[in-house]
Protein chains: 2
Amino acid sequence: MSQVVKKIIDEAKQIYDAIKKKSRPELESPVRALSNVRYDSEEGYFELNGSIKKRTLSANTVKTFAQTLKMMSLSKDLIESNDIATKREAYYVSKNWGDARFKEQPESDTVMDDIEAMFEVNREKLGFIPEEKGGDIAGKLIVIDKNPDTDTDIRIDCTKFGSGAYSIPSSVEELKFETNAKFILAIETAGMFQRLVKHNYWKKANCILISMGGVPTRACRRFIRRLSDDMKLPVLVFTDGDPYGFLNIYRTLKVGSGNAAHINKYFCVPKAHFIGITPQDIIDYKLPTHPLKDVDIKRIKDGIKNDPFVHYHKKWKSALRQQMEMKVRAEQQALAKHGLNFVITNYLPEKLKKQDTWLD
Amino acid sequence: MSQVVKKIIDEAKQIYDAIKKKSRPELESPVRALSNVRYDSEEGYFELNGSIKKRTLSANTVKTFAQTLKMMSLSKDLIESNDIATKREAYYVSKNWGDARFKEQPESDTVMDDIEAMFEVNREKLGFIPEEKGGDIAGKLIVIDKNPDTDTDIRIDCTKFGSGAYSIPSSVEELKFETNAKFILAIETAGMFQRLVKHNYWKKANCILISMGGVPTRACRRFIRRLSDDMKLPVLVFTDGDPYGFLNIYRTLKVGSGNAAHINKYFCVPKAHFIGITPQDIIDYKLPTHPLKDVDIKRIKDGIKNDPFVHYHKKWKSALRQQMEMKVRAEQQALAKHGLNFVITNYLPEKLKKQDTWLD
């Protein structure tokens with residue numbers, strides 16, 4: 001029996017026993033809010049403080065209580081039948097739960113998040129998969145997956161997809177890896193990824209290329225985390241030189257986000273380093289720029305003032321201050337000013353050599 | 001020499017000759033606007049009428065004229081060196097064109113669109129690739145690509161990606177295909193795609209699964225079109241039962257869009273049929289619904305009133321009218337009310353059998 005199924009049965013048994021003893025059953029899960037979060041610099045991610053939300057069965061809570069139990073039961077069915085459900089599908093399944101059915105999807109999403117926090121696992125382990133896919137791979141990596149019909153191994157060689165790529169599945173919990181690459185290069189834009197694939201950059205640099213397509217999806221983050229852990233590989237992150245690239249993409253990938261603190265420990269990538277365009281690169285490489293937008297300025301100010309990650313990492317703080325003074329940002333494609341493949345012949349090799357230009 | 005390079009050289013030669021004769025050179029391209037579009041029901045797509053925009057070299061046009069020639073030259077370089085550039089990269093390359101450099105990217109995008117229309121090709125053939133990727137494949141298909149280093153064939157077997165998928169490259173012009181599948185199933189949401197992949201639905205139904213992830217990208221549309229043409233396969237489109245699924249996803253895939261009429265002939269998929277959720281399915285399958293949003297109602301009204309595609313296809317017109325009266329929409333995941341895999345055991349097999357339930 002899987003660990004998670006065992007946890008579900010234990011929890012259900014406690015409730016059953018409480019009811020048999022005519023005492024009121026309780027469900028406990030951590031408070032999922034920014035107020036219950038701290039940055040653990042040792043572990044390297046946003047972590048929950050100890051606050052607990054207790055839900056005792058009463059006339060007021062009976063519906064949510066029932067819904068939580070039904071959702072736990074759905075999760076048990078999914079795991080046991082090796083099936084999956086998206087948040088949206090789980091919502092529609094509830095339409096057959098009689099009075100316990102959800103009226104709107106946000107209600108069922110909340111119950112799912114509570115269960116995720118309650119069992120201290122990411123919900124993919126409960127059989128619940130994200131709605132969206134995202135994240136493409138090319139380069140020196142073999143992914144080992146299972147054929148669902150025969151349960152035999154499938155070996156997927158990411159050097160063999162030509163100009164195409166391997167698209168990460170919605171749930172990556174069961175994947176295994178083989179590689180002799182030296183690092184993972186996680187890239188913001190699909191266009192830059194396509195250039196590096198077109199020129200087999202992974203072969204020259206002995207690496208694995210990952211296209212994030214903006215802020216990486218859950219599946220993409222979890223894939224990078226598992227790959228980095230299992231294969232002990234550093235993750236070099238290559239984004240635009242703007243606050244969105246710094247704080248939304250890089251920071252989220254590295255330490256997680258405030259309102260999902262109960263799962264950051266499964267999704268954060270402590271081995272991430274930033275080799276994208278820094279404010280200093282804009283000067284050193286004489287890059288064409290755009291003026292900072294209002295939303296960029298707000299993001300920088302918020303970051304310097306409120307973000308525990310920025311507070312802890314002094315180099316980031318001074319980079320953000322430098323950008324605020326420069327008042328400009330630059331896209332990763334701006335390197336094309338020096339020739340379309342300047343990024344391959346100059347920028348990336350120089351960055352890889354000079355580790356003091358990285359931000360962490 | 002490639003056909004396109006020949007066209008570029010011919011055009012450049014004409015201009016050179018005109019200048020040598022001291023007459024004023026001209027560039028001609030079709031007017032790209034809804035006013036210059038008609039729906040050709042025989043060909044099956046929105047097509048340009050004959051209006052032509054002529055640009056004669058003068059003091060006023062000299063800069064755009066120069067930019068157009070420089071962009072043609074960049075295209076020639078790309079094709080000859082087997083390289084690629086995104087719209088954004090092309091913009092940054094222009095930063096080295098002295099006075100002919102573009103100030104903002106929309107300017108260079110327009111020049112690129114003009115060239116695309118002028119040479120009557122899609123811009124992927126000019127070496128210009130889209131910024132975004134998108135479109136995942138699983139099932140009975142072998143894609144044949146080239147290894148860029150050795151120019152030898154690479155065979156990519158889309159039955160061998162496990163729970164993952166083959167991710168379509170940004171440019172699909174050079175791909176070749178092998179398949180004995182009976183049809184292509186193009187799916188709106190990544191979650192539904194993942195369910196069908198998880199259960200190897202492509203094996204049961206002998207088909208190719210494609211995840212569009214909402215409105216399909218250029219690369220995804222072109223891929224479906226080329227695959228459908230080369231392998232003579234029908235394309236069955238499975239979306240939500242809402243005006244976005246009908247008019248934005250299905251209609252765009254099948255006939256193209258008004259403001260890109262100069263390239264619809266390369267991107268439309270005339271062999272597309274709609275097997276997604278129809279208003280009648282909402283009744284027949286007793287699906288859970290959501291009320292139509294204001295934007296849905298506006299889309300239906302616009303469609304019935306102004307869309308030449310809807311005017312021509314009477315079944316679509318009555319389906320849209322029916323939905324207007326019902327005032328509700330349903331998502332493809334709503335089928336999960338009858339069980340998570342009802343879509344595999346009942347809905348899709350029934351739809352495939354009863355072709356009179358399809359909309360075209």
# chains A, B, ... in the order shown; residues from 1 in each chain; ligands from 1
>>> calpha_fit_and_write(fixed="chain B", moving="chain A", output="compact mmCIF listing (two decimals) with C-alpha atoms, in the first residue's frame")
# COMPACT_ATOMS: atom_id res chain seq x y z
CA MET A 1 18.88 27.55 -54.44
CA SER A 2 15.59 27.58 -52.53
CA GLN A 3 12.48 28.97 -54.24
CA VAL A 4 12.23 31.70 -51.62
CA VAL A 5 15.84 32.84 -52.00
CA LYS A 6 15.26 33.01 -55.74
CA LYS A 7 12.19 35.22 -55.18
CA ILE A 8 14.16 37.50 -52.85
CA ILE A 9 16.98 37.88 -55.37
CA ASP A 10 14.53 38.56 -58.24
CA GLU A 11 12.77 41.26 -56.22
CA ALA A 12 16.10 42.84 -55.22
CA LYS A 13 17.32 42.76 -58.81
CA GLN A 14 14.21 44.59 -60.06
CA ILE A 15 14.81 47.32 -57.52
CA TYR A 16 18.49 47.53 -58.38
CA ASP A 17 17.70 47.76 -62.09
CA ALA A 18 15.06 50.44 -61.54
CA ILE A 19 17.57 52.54 -59.60
CA LYS A 20 20.24 52.05 -62.26
CA LYS A 21 17.74 53.28 -64.85
CA LYS A 22 17.06 56.27 -62.57
CA SER A 23 13.38 55.34 -62.25
CA ARG A 24 11.80 55.03 -58.82
CA PRO A 25 11.63 51.46 -57.50
CA GLU A 26 8.38 50.03 -56.13
CA LEU A 27 7.44 47.34 -53.61
CA GLU A 28 4.00 45.72 -53.83
CA SER A 29 2.14 43.67 -51.25
CA PRO A 30 -1.54 42.74 -50.74
CA VAL A 31 -3.62 44.89 -48.37
CA ARG A 32 -3.85 42.90 -45.13
CA ALA A 33 -7.23 43.97 -43.69
CA LEU A 34 -10.66 42.51 -43.06
CA SER A 35 -12.00 44.75 -45.82
CA ASN A 36 -9.87 42.80 -48.32
CA VAL A 37 -11.09 39.34 -47.24
CA ARG A 38 -13.67 36.86 -48.54
CA TYR A 39 -14.67 33.35 -47.44
CA ASP A 40 -13.96 30.87 -50.19
CA SER A 41 -16.19 27.89 -49.42
CA GLU A 42 -14.58 25.77 -52.14
CA GLU A 43 -11.06 26.23 -50.83
CA GLY A 44 -12.35 26.35 -47.29
CA TYR A 45 -10.65 29.41 -45.87
CA PHE A 46 -10.68 33.21 -45.61
CA GLU A 47 -8.89 34.54 -48.66
CA LEU A 48 -7.55 37.89 -49.80
CA ASN A 49 -9.32 39.90 -52.43
CA GLY A 50 -7.07 41.55 -54.93
CA SER A 51 -6.29 44.93 -53.32
CA ILE A 52 -2.61 45.79 -53.52
CA LYS A 53 -0.56 48.27 -51.48
CA LYS A 54 2.19 49.89 -53.54
CA ARG A 55 5.16 51.58 -51.87
CA THR A 56 7.22 53.79 -54.19
CA LEU A 57 10.62 55.01 -53.04
CA SER A 58 10.40 58.67 -52.06
CA ALA A 59 11.65 61.01 -49.33
CA ASN A 60 8.70 59.90 -47.18
CA THR A 61 9.09 56.15 -47.67
CA VAL A 62 12.88 55.91 -47.79
CA LYS A 63 13.26 54.56 -44.24
CA THR A 64 10.59 51.84 -44.51
CA PHE A 65 11.91 51.02 -47.96
CA ALA A 66 15.42 50.53 -46.61
CA GLN A 67 14.11 48.50 -43.67
CA THR A 68 12.17 46.22 -46.02
CA LEU A 69 15.27 45.57 -48.08
CA LYS A 70 17.41 44.93 -44.97
CA MET A 71 14.78 42.52 -43.67
CA MET A 72 14.74 40.70 -47.03
CA SER A 73 18.51 40.45 -46.79
CA LEU A 74 18.30 39.05 -43.24
CA SER A 75 15.82 36.45 -44.48
CA LYS A 76 18.21 35.46 -47.30
CA ASP A 77 21.07 35.07 -44.78
CA LEU A 78 18.88 32.95 -42.49
CA ILE A 79 17.82 30.57 -45.24
CA GLU A 80 21.33 30.25 -46.65
CA SER A 81 22.90 29.56 -43.23
CA ASN A 82 20.01 27.28 -42.17
CA ASP A 83 19.37 29.53 -39.17
CA ILE A 84 16.21 31.00 -37.63
CA ALA A 85 15.18 34.25 -35.97
CA THR A 86 12.12 35.20 -33.93
CA LYS A 87 10.32 38.47 -34.64
CA ARG A 88 11.92 39.86 -31.52
CA GLU A 89 15.43 38.80 -32.51
CA ALA A 90 14.96 40.34 -35.95
CA TYR A 91 14.03 43.60 -34.23
CA TYR A 92 17.23 43.53 -32.17
CA VAL A 93 19.38 42.62 -35.18
CA SER A 94 18.17 45.88 -36.73
CA LYS A 95 19.90 47.82 -33.95
CA ASN A 96 23.02 47.44 -36.09
CA TRP A 97 21.39 48.82 -39.23
CA GLY A 98 22.35 52.44 -38.50
CA ASP A 99 19.60 54.87 -39.52
CA ALA A 100 17.47 51.98 -40.78
CA ARG A 101 17.15 50.50 -37.27
CA PHE A 102 13.62 50.08 -35.86
CA LYS A 103 12.61 52.15 -32.85
CA GLU A 104 10.00 49.71 -31.57
CA GLN A 105 9.20 46.08 -32.32
CA PRO A 106 5.72 46.71 -33.79
CA GLU A 107 7.45 48.54 -36.67
CA SER A 108 9.65 45.58 -37.51
CA ASP A 109 6.73 43.17 -37.10
CA THR A 110 4.76 45.13 -39.71
CA VAL A 111 7.64 45.04 -42.18
CA MET A 112 7.97 41.30 -41.63
CA ASP A 113 4.23 40.80 -42.26
CA ASP A 114 4.52 42.87 -45.45
CA ILE A 115 7.36 40.70 -46.73
CA GLU A 116 5.44 37.56 -45.83
CA ALA A 117 2.51 38.84 -47.91
CA MET A 118 4.74 40.13 -50.69
CA PHE A 119 6.39 36.77 -51.30
CA GLU A 120 3.16 34.85 -50.70
CA VAL A 121 4.74 32.44 -48.23
CA ASN A 122 4.34 31.94 -44.50
CA ARG A 123 7.22 33.63 -42.70
CA GLU A 124 8.58 30.35 -41.34
CA LYS A 125 9.74 29.73 -44.92
CA LEU A 126 11.66 33.03 -44.69
CA GLY A 127 13.51 31.75 -41.58
CA PHE A 128 11.36 33.76 -39.17
CA ILE A 129 9.87 31.65 -36.37
CA PRO A 130 7.16 32.50 -33.83
CA GLU A 131 8.12 33.64 -30.34
CA GLU A 132 6.01 31.01 -28.60
CA LYS A 133 6.02 27.22 -28.80
CA GLY A 134 2.96 25.07 -28.22
CA GLY A 135 1.28 21.86 -29.23
CA ASP A 136 2.03 18.39 -27.84
CA ILE A 137 1.68 15.07 -29.67
CA ALA A 138 1.16 11.49 -28.50
CA GLY A 139 0.07 8.42 -30.41
CA LYS A 140 0.45 6.68 -33.72
CA LEU A 141 2.80 8.99 -35.53
CA ILE A 142 6.43 8.97 -36.54
CA VAL A 143 7.84 12.44 -37.17
CA ILE A 144 10.93 12.59 -39.38
CA ASP A 145 13.22 15.53 -38.62
CA LYS A 146 16.87 16.32 -39.46
CA ASN A 147 19.89 16.32 -37.15
CA PRO A 148 21.21 19.88 -37.70
CA ASP A 149 24.85 18.77 -37.28
CA THR A 150 24.89 15.83 -39.67
CA ASP A 151 21.82 16.48 -41.84
CA THR A 152 20.79 12.84 -41.33
CA ASP A 153 17.19 11.82 -40.57
CA ILE A 154 15.90 11.52 -37.01
CA ARG A 155 12.80 9.35 -36.53
CA ILE A 156 10.64 10.39 -33.60
CA ASP A 157 8.11 7.75 -32.56
CA CYS A 158 5.26 9.42 -30.68
CA THR A 159 4.05 6.12 -29.19
CA LYS A 160 7.16 5.97 -27.01
CA PHE A 161 6.92 8.92 -24.62
CA GLY A 162 5.02 7.34 -21.73
CA SER A 163 3.00 9.96 -19.87
CA GLY A 164 4.96 12.71 -21.65
CA ALA A 165 4.69 13.88 -25.26
CA TYR A 166 6.48 15.23 -28.32
CA SER A 167 6.57 19.01 -28.31
CA ILE A 168 6.19 20.59 -31.76
CA PRO A 169 9.11 22.82 -32.82
CA SER A 170 8.57 26.49 -33.72
CA SER A 171 8.97 25.76 -37.42
CA VAL A 172 7.53 22.57 -38.94
CA GLU A 173 8.15 23.24 -42.65
CA GLU A 174 10.78 20.51 -43.07
CA LEU A 175 9.13 17.74 -41.05
CA LYS A 176 7.94 14.52 -42.70
CA PHE A 177 5.47 11.98 -41.38
CA GLU A 178 4.66 8.27 -41.24
CA THR A 179 1.43 6.95 -39.75
CA ASN A 180 -1.32 4.39 -40.12
CA ALA A 181 -3.66 6.24 -37.77
CA LYS A 182 -7.24 6.81 -38.90
CA PHE A 183 -7.65 10.37 -37.61
CA ILE A 184 -6.13 13.23 -35.64
CA LEU A 185 -7.85 14.21 -32.38
CA ALA A 186 -7.08 17.86 -31.53
CA ILE A 187 -7.92 18.61 -27.89
CA GLU A 188 -8.51 21.98 -26.23
CA THR A 189 -7.19 21.40 -22.71
CA ALA A 190 -3.93 19.90 -21.48
CA GLY A 191 -5.80 18.12 -18.70
CA MET A 192 -8.05 16.20 -21.12
CA PHE A 193 -5.03 15.39 -23.32
CA GLN A 194 -3.21 14.02 -20.27
CA ARG A 195 -6.19 11.77 -19.43
CA LEU A 196 -6.30 10.34 -22.96
CA VAL A 197 -2.52 9.83 -22.93
CA LYS A 198 -2.59 8.21 -19.48
CA HIS A 199 -5.11 5.66 -20.75
CA ASN A 200 -3.36 5.13 -24.12
CA TYR A 201 -6.57 6.21 -25.86
CA TRP A 202 -4.62 6.57 -29.14
CA LYS A 203 -4.06 2.81 -29.12
CA LYS A 204 -7.76 1.95 -28.64
CA ALA A 205 -8.95 4.45 -31.25
CA ASN A 206 -5.97 4.17 -33.62
CA CYS A 207 -5.36 7.91 -33.73
CA ILE A 208 -2.93 10.76 -33.10
CA LEU A 209 -3.60 12.97 -30.05
CA ILE A 210 -2.72 16.67 -30.18
CA SER A 211 -2.95 19.02 -27.22
CA MET A 212 -3.64 22.56 -28.44
CA GLY A 213 -3.70 24.25 -25.03
CA GLY A 214 -6.43 26.74 -25.96
CA VAL A 215 -6.21 28.56 -29.30
CA PRO A 216 -3.46 26.68 -31.17
CA THR A 217 -0.19 28.48 -31.92
CA ARG A 218 0.98 29.08 -35.49
CA ALA A 219 3.35 26.11 -35.27
CA CYS A 220 0.57 23.85 -33.98
CA ARG A 221 -1.87 24.92 -36.70
CA ARG A 222 0.72 24.49 -39.43
CA PHE A 223 1.70 21.08 -38.02
CA ILE A 224 -1.92 19.87 -38.04
CA ARG A 225 -2.42 21.23 -41.55
CA ARG A 226 0.72 19.59 -42.96
CA LEU A 227 0.03 16.30 -41.20
CA SER A 228 -3.60 16.28 -42.36
CA ASP A 229 -2.57 17.07 -45.96
CA ASP A 230 0.39 14.72 -46.26
CA MET A 231 -1.29 11.74 -44.59
CA LYS A 232 -4.84 12.51 -45.84
CA LEU A 233 -6.24 12.40 -42.31
CA PRO A 234 -9.42 14.00 -40.96
CA VAL A 235 -8.96 16.25 -37.94
CA LEU A 236 -11.55 15.87 -35.17
CA VAL A 237 -11.60 18.86 -32.83
CA PHE A 238 -12.64 18.36 -29.20
CA THR A 239 -13.24 21.60 -27.28
CA ASP A 240 -15.44 22.96 -24.51
CA GLY A 241 -19.06 23.72 -25.40
CA ASP A 242 -18.72 27.50 -25.43
CA PRO A 243 -18.36 30.25 -28.05
CA TYR A 244 -14.62 30.45 -27.35
CA GLY A 245 -14.24 26.78 -28.26
CA PHE A 246 -16.53 27.15 -31.30
CA LEU A 247 -15.37 30.42 -32.82
CA ASN A 248 -11.91 31.17 -31.44
CA ILE A 249 -10.46 27.67 -31.42
CA TYR A 250 -12.38 25.60 -33.98
CA ARG A 251 -13.16 28.29 -36.53
CA THR A 252 -9.60 29.68 -36.43
CA LEU A 253 -8.14 26.21 -36.89
CA LYS A 254 -10.48 25.35 -39.76
CA VAL A 255 -10.61 28.52 -41.86
CA GLY A 256 -8.12 30.96 -40.31
CA SER A 257 -8.68 34.49 -39.09
CA GLY A 258 -9.62 37.73 -40.81
CA ASN A 259 -6.53 39.80 -40.07
CA ALA A 260 -4.08 37.12 -41.21
CA ALA A 261 -5.81 36.38 -44.50
CA HIS A 262 -2.57 36.49 -46.49
CA ILE A 263 -1.36 33.32 -44.74
CA ASN A 264 -4.61 31.44 -44.03
CA LYS A 265 -4.03 29.20 -47.01
CA TYR A 266 -1.00 27.73 -45.23
CA PHE A 267 -2.60 27.44 -41.81
CA CYS A 268 -6.26 26.53 -42.27
CA VAL A 269 -7.31 22.89 -41.82
CA PRO A 270 -10.15 22.22 -44.28
CA LYS A 271 -10.46 18.58 -43.10
CA ALA A 272 -11.46 19.69 -39.55
CA HIS A 273 -14.73 18.50 -37.99
CA PHE A 274 -16.12 19.50 -34.61
CA ILE A 275 -16.73 16.67 -32.14
CA GLY A 276 -16.56 18.84 -29.03
CA ILE A 277 -19.46 19.59 -26.69
CA THR A 278 -22.40 20.99 -28.69
CA PRO A 279 -25.42 22.71 -27.16
CA GLN A 280 -27.38 19.53 -28.00
CA ASP A 281 -24.76 17.44 -26.11
CA ILE A 282 -25.37 19.55 -23.00
CA ILE A 283 -28.99 18.35 -23.14
CA ASP A 284 -28.35 14.76 -24.26
CA TYR A 285 -25.60 14.09 -21.71
CA LYS A 286 -27.30 16.12 -18.94
CA LEU A 287 -24.05 18.03 -18.37
CA PRO A 288 -23.42 20.46 -15.50
CA THR A 289 -23.28 23.99 -16.95
CA HIS A 290 -22.21 27.55 -16.28
CA PRO A 291 -24.25 30.60 -17.36
CA LEU A 292 -23.04 32.31 -20.53
CA LYS A 293 -20.80 35.29 -19.75
CA ASP A 294 -21.37 38.68 -21.39
CA VAL A 295 -18.35 38.09 -23.60
CA ASP A 296 -19.86 34.74 -24.70
CA ILE A 297 -23.12 36.40 -25.68
CA LYS A 298 -21.25 39.12 -27.59
CA ARG A 299 -19.20 36.46 -29.40
CA ILE A 300 -22.33 34.55 -30.45
CA LYS A 301 -24.09 37.70 -31.66
CA ASP A 302 -21.02 38.83 -33.61
CA GLY A 303 -20.63 35.37 -35.07
CA ILE A 304 -24.23 35.13 -36.30
CA LYS A 305 -24.18 38.68 -37.66
CA ASN A 306 -20.71 39.13 -39.16
CA ASP A 307 -18.82 35.88 -39.53
CA PRO A 308 -18.79 34.64 -43.16
CA PHE A 309 -17.93 31.15 -41.86
CA VAL A 310 -21.09 31.02 -39.73
CA HIS A 311 -23.16 32.43 -42.60
CA TYR A 312 -22.01 29.64 -44.84
CA HIS A 313 -22.34 26.76 -42.35
CA LYS A 314 -26.04 26.59 -41.44
CA LYS A 315 -25.53 23.90 -38.78
CA TRP A 316 -23.20 26.21 -36.88
CA LYS A 317 -25.71 29.03 -37.12
CA SER A 318 -28.45 26.96 -35.55
CA ALA A 319 -26.11 25.58 -32.87
CA LEU A 320 -25.15 29.13 -31.87
CA ARG A 321 -28.84 30.14 -31.81
CA GLN A 322 -29.64 27.10 -29.66
CA GLN A 323 -26.91 28.04 -27.17
CA MET A 324 -28.18 31.63 -27.05
CA GLU A 325 -31.62 30.31 -26.04
CA MET A 326 -30.20 27.84 -23.49
CA LYS A 327 -28.09 30.64 -21.96
CA VAL A 328 -25.50 28.11 -20.68
CA ARG A 329 -22.13 26.60 -21.63
CA ALA A 330 -20.33 23.39 -20.58
CA GLU A 331 -16.65 22.48 -20.29
CA GLN A 332 -15.24 19.25 -21.77
CA GLN A 333 -14.39 18.11 -18.22
CA ALA A 334 -18.11 18.29 -17.33
CA LEU A 335 -18.34 14.75 -18.72
CA ALA A 336 -16.56 13.68 -15.50
CA LYS A 337 -19.93 13.97 -13.78
CA HIS A 338 -20.60 10.50 -15.19
CA GLY A 339 -17.20 9.17 -14.09
CA LEU A 340 -13.68 10.31 -14.88
CA ASN A 341 -13.31 7.99 -17.86
CA PHE A 342 -16.85 8.35 -19.27
CA VAL A 343 -15.19 10.42 -22.01
CA ILE A 344 -13.20 7.34 -23.08
CA THR A 345 -15.81 4.64 -22.55
CA ASN A 346 -18.86 6.54 -23.84
CA TYR A 347 -18.57 10.07 -25.16
CA LEU A 348 -15.81 9.72 -27.76
CA PRO A 349 -16.92 6.30 -29.10
CA GLU A 350 -20.52 7.54 -29.42
CA LYS A 351 -19.44 10.75 -31.16
CA LEU A 352 -17.20 8.83 -33.56
CA LYS A 353 -20.09 6.55 -34.48
CA LYS A 354 -22.75 9.23 -34.94
CA GLN A 355 -21.33 11.54 -37.57
CA ASP A 356 -24.62 13.44 -37.72
CA THR A 357 -23.78 14.94 -34.30
CA TRP A 358 -20.65 16.59 -35.73
CA LEU A 359 -20.57 20.22 -36.75
CA ASP A 360 -18.41 21.19 -39.74
>>> select_by_dssp(residues="segment 208-342 of chain B", states="strand (DSSP E)", output="PyMOL selection string")
chain B and resi 208-211+235-238+272-274+290-291+328-329
>>> write_last_selection(atoms="C-alpha atoms", output="PDB file, in the first residue's frame")
ATOM      1  CA  ILE B 208      -2.932  10.753 -33.092  1.00  0.00           C
ATOM      2  CA  LEU B 209      -3.601  12.982 -30.043  1.00  0.00           C
ATOM      3  CA  ILE B 210      -2.723  16.665 -30.173  1.00  0.00           C
ATOM      4  CA  SER B 211      -2.946  19.035 -27.215  1.00  0.00           C
ATOM      5  CA  VAL B 235      -8.956  16.256 -37.928  1.00  0.00           C
ATOM      6  CA  LEU B 236     -11.535  15.875 -35.161  1.00  0.00           C
ATOM      7  CA  VAL B 237     -11.591  18.863 -32.839  1.00  0.00           C
ATOM      8  CA  PHE B 238     -12.623  18.360 -29.194  1.00  0.00           C
ATOM      9  CA  ALA B 272     -11.451  19.688 -39.561  1.00  0.00           C
ATOM     10  CA  HIS B 273     -14.719  18.506 -37.990  1.00  0.00           C
ATOM     11  CA  PHE B 274     -16.113  19.494 -34.619  1.00  0.00           C
ATOM     12  CA  HIS B 290     -22.217  27.542 -16.283  1.00  0.00           C
ATOM     13  CA  PRO B 291     -24.242  30.589 -17.356  1.00  0.00           C
ATOM     14  CA  VAL B 328     -25.490  28.104 -20.685  1.00  0.00           C
ATOM     15  CA  ARG B 329     -22.130  26.612 -21.640  1.00  0.00           C
TER      16      ARG B 329
END
>>> select_by_dssp(residues="segment 54-153 of chain A", states="alpha helix (DSSP H)", output="count of residues only")
40
>>> decode(residues="segment 205-209 of chain B", atoms="all heavy atoms", output="short mmCIF file (atom, residue, chain, number, x, y, z; two decimals), in the first residue's frame")
data_model
loop_
_atom_site.label_atom_id
_atom_site.label_comp_id
_atom_site.auth_asym_id
_atom_site.auth_seq_id
_atom_site.Cartn_x
_atom_site.Cartn_y
_atom_site.Cartn_z
N ALA B 205 -8.20 3.80 -30.14
CA ALA B 205 -8.93 4.46 -31.24
C ALA B 205 -8.11 4.54 -32.52
O ALA B 205 -8.60 5.02 -33.53
CB ALA B 205 -9.38 5.85 -30.80
N ASN B 206 -6.87 4.09 -32.47
CA ASN B 206 -5.96 4.17 -33.62
C ASN B 206 -5.88 5.60 -34.16
O ASN B 206 -6.28 5.87 -35.29
CB ASN B 206 -6.39 3.19 -34.72
CG ASN B 206 -5.31 3.05 -35.79
OD1 ASN B 206 -4.15 3.38 -35.57
ND2 ASN B 206 -5.70 2.59 -36.97
N CYS B 207 -5.38 6.50 -33.33
CA CYS B 207 -5.36 7.91 -33.73
C CYS B 207 -4.12 8.62 -33.20
O CYS B 207 -3.27 8.03 -32.53
CB CYS B 207 -6.62 8.62 -33.23
SG CYS B 207 -6.68 8.83 -31.45
N ILE B 208 -4.01 9.88 -33.56
CA ILE B 208 -2.93 10.75 -33.09
C ILE B 208 -3.56 11.82 -32.19
O ILE B 208 -4.52 12.48 -32.62
CB ILE B 208 -2.24 11.44 -34.29
CG1 ILE B 208 -1.62 10.40 -35.22
CG2 ILE B 208 -1.20 12.45 -33.81
CD1 ILE B 208 -1.30 10.94 -36.62
N LEU B 209 -3.06 11.98 -30.97
CA LEU B 209 -3.60 12.98 -30.04
C LEU B 209 -2.76 14.25 -30.11
O LEU B 209 -1.53 14.18 -30.08
CB LEU B 209 -3.57 12.45 -28.61
CG LEU B 209 -4.32 11.14 -28.33
CD1 LEU B 209 -4.08 10.70 -26.88
CD2 LEU B 209 -5.81 11.32 -28.59
#
